[in-house]
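Q: Here it is, the structure, as structure tokens.
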Amino acid sequence: MINENISCCFTGYRPEKFPFPLSRDNADFVRFENGLIKTVCSLCDNGCYTFYSGMAMGFDIVAAECVLLARELYGKAGIRLICAIPFIEQSKNFPAKWLERYNTILSAADETILISDKYYRGCYDKRNKFMVDNSDYVVTWFDGHAGGTKNTVNYAKKSGRAVINLNDEADGTPHKEYVIME
């Protein structure tokens, strides 16, 4: 049964903030990506079918790709990807590799929501709060460093959202706030 009311968003680092390269020839990345796929599929198995990605390079784009893979694995069983774009030129300075991935995801997304037609200080924060406000779950890879991911995780916790931190699962210990939907 599809429940369009249960949703999830993603927040995490850009490539340069990860402690390992975001490349499939790196074992740490492969473990991370497999954990993200497993988490997305587990959420789908438990009735979550709507996913929000902020479409930044790094975690957001990898997460969106995982949602598209899950949609393919589940035969498009109502799994929706919504791209929340902070401003229209978000991808203007993306390197070619990331830009290609970004455009591929946008073309496969079910919906694109534009937060602002132009950049302004705070548009990323507004995008992040929009995604959290529309989600039951927040999936992240977070190691405690200050920045947008930390602000979003703190906002999610204050808003009563279940936070799934894939970094905590790296040692085999599930995140203390991981909640299986029943």
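By convention in this document, the chains of the structure tokens carry letters A, B, ... by their order, each chain's residues are numbered from 1, and ligands are numbered from 1 in the order they are shown.
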Write out as a PyMOL selection string which residues come within 6 Å of range 133-140 of chain A when counting only C-alpha atoms, dropping same-chain ones fewer than 4 positions away.
A: chain A and resi 7-12+129+161-165
Q: Can you write out as a Markdown table which residues of range 16-128 of chain A fall within 10 Å of range 143-146 of chain A, alongside each residue's closest atom pair and its distance in Å to one decimal, counting only C-alpha atoms and ordering rows by chain and ascending residue number?
A:
| residue | atom | partner | partner_atom | distance |
| --- | --- | --- | --- | --- |
| A:Lys17 | CA | A:His145 | CA | 9.2 |
| A:Phe18 | CA | A:Asp143 | CA | 9.2 |
| A:Pro19 | CA | A:Asp143 | CA | 9.7 |
Q: Using only C-alpha atoms, which of A:Ala77, A:Glu100, A:Pro15, A:Val132 sits nearest Cys48 in chain A?
A: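 Of A:Ala77, A:Glu100, A:Pro15, A:Val132, the one nearest Cys48 in chain A is A:Ala77, counting only C-alpha atoms.
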Q: Using only C-alpha atoms for the distances, tell me which of A:Ala96, A:Ile6, A:Arg31, A:Gly58 is nearest to Asn46 in chain A.
A: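 Using only C-alpha atoms, Asn46 in chain A sits closest to A:Ile6.
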Q: Given the choices A:Ser159, A:Asn154, A:Glu111, A:Leu166, which gets closest to Ala63 in chain A if the distance is worked out from only C-alpha atoms?
A: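 Ranking A:Ser159, A:Asn154, A:Glu111, A:Leu166 by distance to Ala63 in chain A, first place goes to A:Leu166.
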Q: Might you pull out every residue within 10 Å of Glu65 in chain A, with only C-alpha atoms counted and same-chain residues fewer than 3 positions away left off, and present them as a list in words?
A: Glu33, Ile37, Ser53, Phe59, Asp60, Ile61, Val62, Leu68, Leu69, Ala70, Arg71, Leu81, Arg101, Tyr102, Thr104, Ile105 and Ala108 of chain A
Q: Can you write just those residues out, C-alpha atoms, as a PDB file, in the first residue's frame?
A:
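Listed below is the output, again.pdb:
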ATOM      1  CA  GLU A  33      26.442   4.190  -1.101  1.00  0.00           C
ATOM      2  CA  ILE A  37      20.546   2.326  -0.960  1.00  0.00           C
ATOM      3  CA  SER A  53      16.640  16.042  -2.477  1.00  0.00           C
ATOM      4  CA  PHE A  59      25.314  13.633  -0.646  1.00  0.00           C
ATOM      5  CA  ASP A  60      22.149  15.161  -2.158  1.00  0.00           C
ATOM      6  CA  ILE A  61      22.879  13.984  -5.692  1.00  0.00           C
ATOM      7  CA  VAL A  62      24.036  10.514  -4.583  1.00  0.00           C
ATOM      8  CA  LEU A  68      15.836   6.572  -8.684  1.00  0.00           C
ATOM      9  CA  LEU A  69      17.490   3.156  -8.331  1.00  0.00           C
ATOM     10  CA  ALA A  70      14.922   2.125  -5.708  1.00  0.00           C
ATOM     11  CA  ARG A  71      12.138   3.298  -8.006  1.00  0.00           C
ATOM     12  CA  LEU A  81      11.532  12.034  -6.112  1.00  0.00           C
ATOM     13  CA  ARG A 101      24.283  13.834 -12.923  1.00  0.00           C
ATOM     14  CA  TYR A 102      22.221  16.840 -11.764  1.00  0.00           C
ATOM     15  CA  THR A 104      19.850  13.424 -15.402  1.00  0.00           C
ATOM     16  CA  ILE A 105      18.161  13.458 -11.988  1.00  0.00           C
ATOM     17  CA  ALA A 108      13.788  11.762 -14.046  1.00  0.00           C
TER      18      ALA A 108
END
Q: Using only C-alpha atoms for the distances, tell me which of A:Cys66, A:Met57, A:Ala109, A:Leu114 is nearest to Lys92 in chain A.
A: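 Checking each of A:Cys66, A:Met57, A:Ala109, A:Leu114 against Lys92 in chain A, counting only C-alpha atoms, the winner is A:Met57.
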Q: Would you return as a PyMOL selection string the members of chain A that DSSP assigns to helix (DSSP H, G or I) on this structure's backbone?
A: chain A and resi 15-17+27-45+59-73+96-108+123-133+148-158+168-171
Q: Determine which residues of range 36-153 of chain A DSSP labels as strand (DSSP E or B) from the backbone of this structure, then write them out as number ranges by chain.
A: A: 50-53, 80-85, 111-114, 137-141
Q: With all heavy atoms kept, could you save the residues just selected as a short mmCIF file (atom, residue, chain, number, x, y, z; two decimals), in the first residue's frame?
A:
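Result file follows (part.cif):
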data_model
loop_
_atom_site.label_atom_id
_atom_site.label_comp_id
_atom_site.auth_asym_id
_atom_site.auth_seq_id
_atom_site.Cartn_x
_atom_site.Cartn_y
_atom_site.Cartn_z
N THR A 50 7.87 9.10 -0.73
CA THR A 50 8.19 10.42 -1.25
C THR A 50 9.52 10.86 -0.65
O THR A 50 9.70 10.84 0.57
CB THR A 50 7.09 11.43 -0.90
OG1 THR A 50 5.86 10.99 -1.49
CG2 THR A 50 7.41 12.82 -1.44
N PHE A 51 10.44 11.26 -1.52
CA PHE A 51 11.79 11.65 -1.11
C PHE A 51 12.13 13.01 -1.69
O PHE A 51 11.88 13.28 -2.86
CB PHE A 51 12.81 10.61 -1.61
CG PHE A 51 12.61 9.26 -1.00
CD1 PHE A 51 11.73 8.34 -1.55
CD2 PHE A 51 13.30 8.90 0.16
CE1 PHE A 51 11.54 7.09 -0.98
CE2 PHE A 51 13.11 7.65 0.74
CZ PHE A 51 12.24 6.74 0.16
N TYR A 52 12.72 13.87 -0.85
CA TYR A 52 13.16 15.21 -1.24
C TYR A 52 14.67 15.27 -1.28
O TYR A 52 15.34 14.84 -0.33
CB TYR A 52 12.68 16.26 -0.22
CG TYR A 52 11.20 16.48 -0.21
CD1 TYR A 52 10.35 15.69 0.57
CD2 TYR A 52 10.63 17.50 -0.97
CE1 TYR A 52 8.98 15.91 0.58
CE2 TYR A 52 9.26 17.73 -0.96
CZ TYR A 52 8.44 16.93 -0.18
OH TYR A 52 7.09 17.15 -0.17
N SER A 53 15.20 15.80 -2.36
CA SER A 53 16.64 16.04 -2.48
C SER A 53 16.86 17.52 -2.76
O SER A 53 16.19 18.10 -3.61
CB SER A 53 17.25 15.21 -3.61
OG SER A 53 18.61 15.59 -3.81
N ARG A 80 8.36 8.51 -5.31
CA ARG A 80 8.46 9.84 -5.91
C ARG A 80 9.73 10.53 -5.46
O ARG A 80 10.09 10.48 -4.29
CB ARG A 80 7.27 10.70 -5.49
CG ARG A 80 5.94 10.22 -6.02
CD ARG A 80 4.74 11.01 -5.49
NE ARG A 80 5.00 12.37 -5.11
CZ ARG A 80 4.84 13.44 -5.91
NH1 ARG A 80 4.39 13.30 -7.12
NH2 ARG A 80 5.09 14.65 -5.46
N LEU A 81 10.38 11.20 -6.41
CA LEU A 81 11.53 12.03 -6.11
C LEU A 81 11.15 13.48 -6.40
O LEU A 81 10.73 13.80 -7.51
CB LEU A 81 12.74 11.64 -6.96
CG LEU A 81 13.97 12.55 -6.80
CD1 LEU A 81 14.50 12.50 -5.37
CD2 LEU A 81 15.05 12.16 -7.80
N ILE A 82 11.30 14.31 -5.38
CA ILE A 82 11.02 15.74 -5.51
C ILE A 82 12.34 16.48 -5.31
O ILE A 82 13.00 16.31 -4.28
CB ILE A 82 9.96 16.21 -4.50
CG1 ILE A 82 8.66 15.44 -4.72
CG2 ILE A 82 9.76 17.73 -4.61
CD1 ILE A 82 7.61 15.67 -3.65
N CYS A 83 12.73 17.26 -6.29
CA CYS A 83 13.96 18.04 -6.22
C CYS A 83 13.62 19.44 -5.73
O CYS A 83 12.80 20.13 -6.34
CB CYS A 83 14.63 18.11 -7.59
SG CYS A 83 15.14 16.49 -8.20
N ALA A 84 14.21 19.83 -4.61
CA ALA A 84 14.00 21.16 -4.04
C ALA A 84 15.23 22.01 -4.38
O ALA A 84 16.30 21.83 -3.80
CB ALA A 84 13.79 21.08 -2.54
N ILE A 85 15.06 22.90 -5.33
CA ILE A 85 16.16 23.71 -5.84
C ILE A 85 16.16 25.05 -5.10
O ILE A 85 15.15 25.76 -5.13
CB ILE A 85 15.99 23.94 -7.37
CG1 ILE A 85 15.76 22.62 -8.11
CG2 ILE A 85 17.17 24.72 -7.93
CD1 ILE A 85 16.87 21.63 -8.01
N GLU A 111 8.91 15.79 -9.57
CA GLU A 111 8.53 17.18 -9.35
C GLU A 111 9.79 17.97 -9.02
O GLU A 111 10.71 17.45 -8.40
CB GLU A 111 7.53 17.27 -8.20
CG GLU A 111 6.92 18.61 -7.96
CD GLU A 111 5.86 18.59 -6.85
OE1 GLU A 111 5.41 17.50 -6.45
OE2 GLU A 111 5.51 19.69 -6.40
N THR A 112 9.81 19.23 -9.42
CA THR A 112 10.89 20.13 -9.06
C THR A 112 10.25 21.36 -8.44
O THR A 112 9.33 21.95 -9.01
CB THR A 112 11.72 20.54 -10.30
OG1 THR A 112 12.27 19.36 -10.88
CG2 THR A 112 12.84 21.48 -9.92
N ILE A 113 10.74 21.71 -7.26
CA ILE A 113 10.24 22.88 -6.56
C ILE A 113 11.37 23.89 -6.47
O ILE A 113 12.45 23.59 -5.97
CB ILE A 113 9.73 22.51 -5.16
CG1 ILE A 113 8.53 21.56 -5.29
CG2 ILE A 113 9.37 23.75 -4.35
CD1 ILE A 113 8.06 20.95 -4.01
N LEU A 114 11.13 25.07 -6.98
CA LEU A 114 12.12 26.15 -6.97
C LEU A 114 11.81 27.07 -5.79
O LEU A 114 10.72 27.64 -5.71
CB LEU A 114 12.06 26.92 -8.30
CG LEU A 114 13.07 28.03 -8.48
CD1 LEU A 114 14.50 27.48 -8.47
CD2 LEU A 114 12.78 28.76 -9.79
N TYR A 137 11.10 11.76 7.92
CA TYR A 137 12.45 11.24 8.14
C TYR A 137 13.46 12.15 7.48
O TYR A 137 13.20 12.72 6.43
CB TYR A 137 12.59 9.84 7.54
CG TYR A 137 11.77 8.82 8.28
CD1 TYR A 137 10.44 8.60 7.94
CD2 TYR A 137 12.33 8.07 9.31
CE1 TYR A 137 9.68 7.67 8.63
CE2 TYR A 137 11.58 7.15 10.00
CZ TYR A 137 10.26 6.94 9.66
OH TYR A 137 9.50 6.04 10.34
N VAL A 138 14.63 12.24 8.11
CA VAL A 138 15.76 12.96 7.54
C VAL A 138 16.93 11.99 7.52
O VAL A 138 17.35 11.50 8.57
CB VAL A 138 16.10 14.22 8.35
CG1 VAL A 138 17.33 14.92 7.78
CG2 VAL A 138 14.91 15.18 8.38
N VAL A 139 17.43 11.68 6.33
CA VAL A 139 18.59 10.81 6.19
C VAL A 139 19.79 11.68 5.93
O VAL A 139 19.75 12.59 5.08
CB VAL A 139 18.38 9.78 5.05
CG1 VAL A 139 19.65 8.96 4.82
CG2 VAL A 139 17.19 8.87 5.36
N THR A 140 20.88 11.41 6.65
CA THR A 140 22.08 12.23 6.55
C THR A 140 23.34 11.39 6.65
O THR A 140 23.29 10.23 7.06
CB THR A 140 22.08 13.31 7.67
OG1 THR A 140 23.16 14.22 7.46
CG2 THR A 140 22.17 12.70 9.05
N TRP A 141 24.43 11.97 6.29
CA TRP A 141 25.77 11.49 6.64
C TRP A 141 26.39 12.69 7.30
O TRP A 141 26.74 13.67 6.66
CB TRP A 141 26.57 11.06 5.41
CG TRP A 141 27.81 10.29 5.82
CD1 TRP A 141 27.92 8.93 5.84
CD2 TRP A 141 29.05 10.81 6.29
NE1 TRP A 141 29.18 8.58 6.29
CE2 TRP A 141 29.90 9.72 6.58
CE3 TRP A 141 29.55 12.09 6.50
CZ2 TRP A 141 31.19 9.86 7.07
CZ3 TRP A 141 30.85 12.23 6.99
CH2 TRP A 141 31.65 11.12 7.26
#
Q: Take CA of Lys150 in chain A and CA of Ala64 in chain A and report the distance between them in Å, one decimal.
A: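 So the answer is 19.8 Å.
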Q: At what distance in Å, to one decimal, does CA of Ile115 in chain A lie from CA of Phe142 in chain A?
A: 24.1 Å
Q: To one decimal place, how far is CA of Tyr155 in chain A from CA of Asn128 in chain A in Å?
A: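 Calculated distance between CA of Tyr155 in chain A and CA of Asn128 in chain A is 9.1 Å.
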Q: So which residues touch range 118-127 of chain A within 6 Å, counting only C-alpha atoms, skipping near sequence neighbours fewer than 2 positions away, as a PDB file with all heavy atoms, in the first residue's frame?
A:
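Generated output (result10.pdb):
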ATOM      1  N   PRO A  86      17.268  25.420  -4.444  1.00  0.00           N
ATOM      2  CA  PRO A  86      17.269  26.657  -3.656  1.00  0.00           C
ATOM      3  C   PRO A  86      17.150  27.922  -4.503  1.00  0.00           C
ATOM      4  O   PRO A  86      16.514  28.888  -4.083  1.00  0.00           O
ATOM      5  CB  PRO A  86      18.608  26.623  -2.921  1.00  0.00           C
ATOM      6  CG  PRO A  86      19.461  25.710  -3.725  1.00  0.00           C
ATOM      7  CD  PRO A  86      18.536  24.718  -4.370  1.00  0.00           C
ATOM      8  N   PHE A  87      17.758  27.916  -5.702  1.00  0.00           N
ATOM      9  CA  PHE A  87      17.641  29.034  -6.630  1.00  0.00           C
ATOM     10  C   PHE A  87      17.942  28.524  -8.029  1.00  0.00           C
ATOM     11  O   PHE A  87      18.589  27.496  -8.201  1.00  0.00           O
ATOM     12  CB  PHE A  87      18.549  30.208  -6.243  1.00  0.00           C
ATOM     13  CG  PHE A  87      20.018  29.906  -6.276  1.00  0.00           C
ATOM     14  CD1 PHE A  87      20.805  30.307  -7.340  1.00  0.00           C
ATOM     15  CD2 PHE A  87      20.621  29.220  -5.227  1.00  0.00           C
ATOM     16  CE1 PHE A  87      22.158  30.024  -7.371  1.00  0.00           C
ATOM     17  CE2 PHE A  87      21.972  28.936  -5.246  1.00  0.00           C
ATOM     18  CZ  PHE A  87      22.749  29.340  -6.321  1.00  0.00           C
ATOM     19  N   SER A 116      13.636  29.882  -4.918  1.00  0.00           N
ATOM     20  CA  SER A 116      13.804  31.284  -5.291  1.00  0.00           C
ATOM     21  C   SER A 116      14.276  31.377  -6.735  1.00  0.00           C
ATOM     22  O   SER A 116      14.997  30.506  -7.209  1.00  0.00           O
ATOM     23  CB  SER A 116      14.844  31.947  -4.373  1.00  0.00           C
ATOM     24  OG  SER A 116      15.098  33.275  -4.789  1.00  0.00           O
ATOM     25  N   LYS A 129      14.872  23.881   5.358  1.00  0.00           N
ATOM     26  CA  LYS A 129      13.709  23.894   6.261  1.00  0.00           C
ATOM     27  C   LYS A 129      12.444  23.440   5.528  1.00  0.00           C
ATOM     28  O   LYS A 129      11.625  22.722   6.102  1.00  0.00           O
ATOM     29  CB  LYS A 129      13.519  25.284   6.872  1.00  0.00           C
ATOM     30  CG  LYS A 129      14.560  25.586   7.922  1.00  0.00           C
ATOM     31  CD  LYS A 129      14.399  26.972   8.520  1.00  0.00           C
ATOM     32  CE  LYS A 129      15.451  27.182   9.611  1.00  0.00           C
ATOM     33  NZ  LYS A 129      15.399  28.538  10.161  1.00  0.00           N
ATOM     34  N   PHE A 130      12.294  23.825   4.269  1.00  0.00           N
ATOM     35  CA  PHE A 130      11.155  23.366   3.467  1.00  0.00           C
ATOM     36  C   PHE A 130      11.148  21.840   3.399  1.00  0.00           C
ATOM     37  O   PHE A 130      10.113  21.197   3.593  1.00  0.00           O
ATOM     38  CB  PHE A 130      11.217  23.973   2.054  1.00  0.00           C
ATOM     39  CG  PHE A 130      10.304  23.283   1.081  1.00  0.00           C
ATOM     40  CD1 PHE A 130       8.955  23.580   1.049  1.00  0.00           C
ATOM     41  CD2 PHE A 130      10.793  22.306   0.220  1.00  0.00           C
ATOM     42  CE1 PHE A 130       8.097  22.912   0.172  1.00  0.00           C
ATOM     43  CE2 PHE A 130       9.953  21.646  -0.665  1.00  0.00           C
ATOM     44  CZ  PHE A 130       8.606  21.945  -0.686  1.00  0.00           C
TER      45      PHE A 130
END
Q: So, counting only C-alpha atoms, which residue among A:Ser42, A:Asn26, A:Asn5, A:Gln90 is closest to Gly54 in chain A?
A: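 Residue with the minimum atom-to-atom distance to Gly54 in chain A: A:Gln90.
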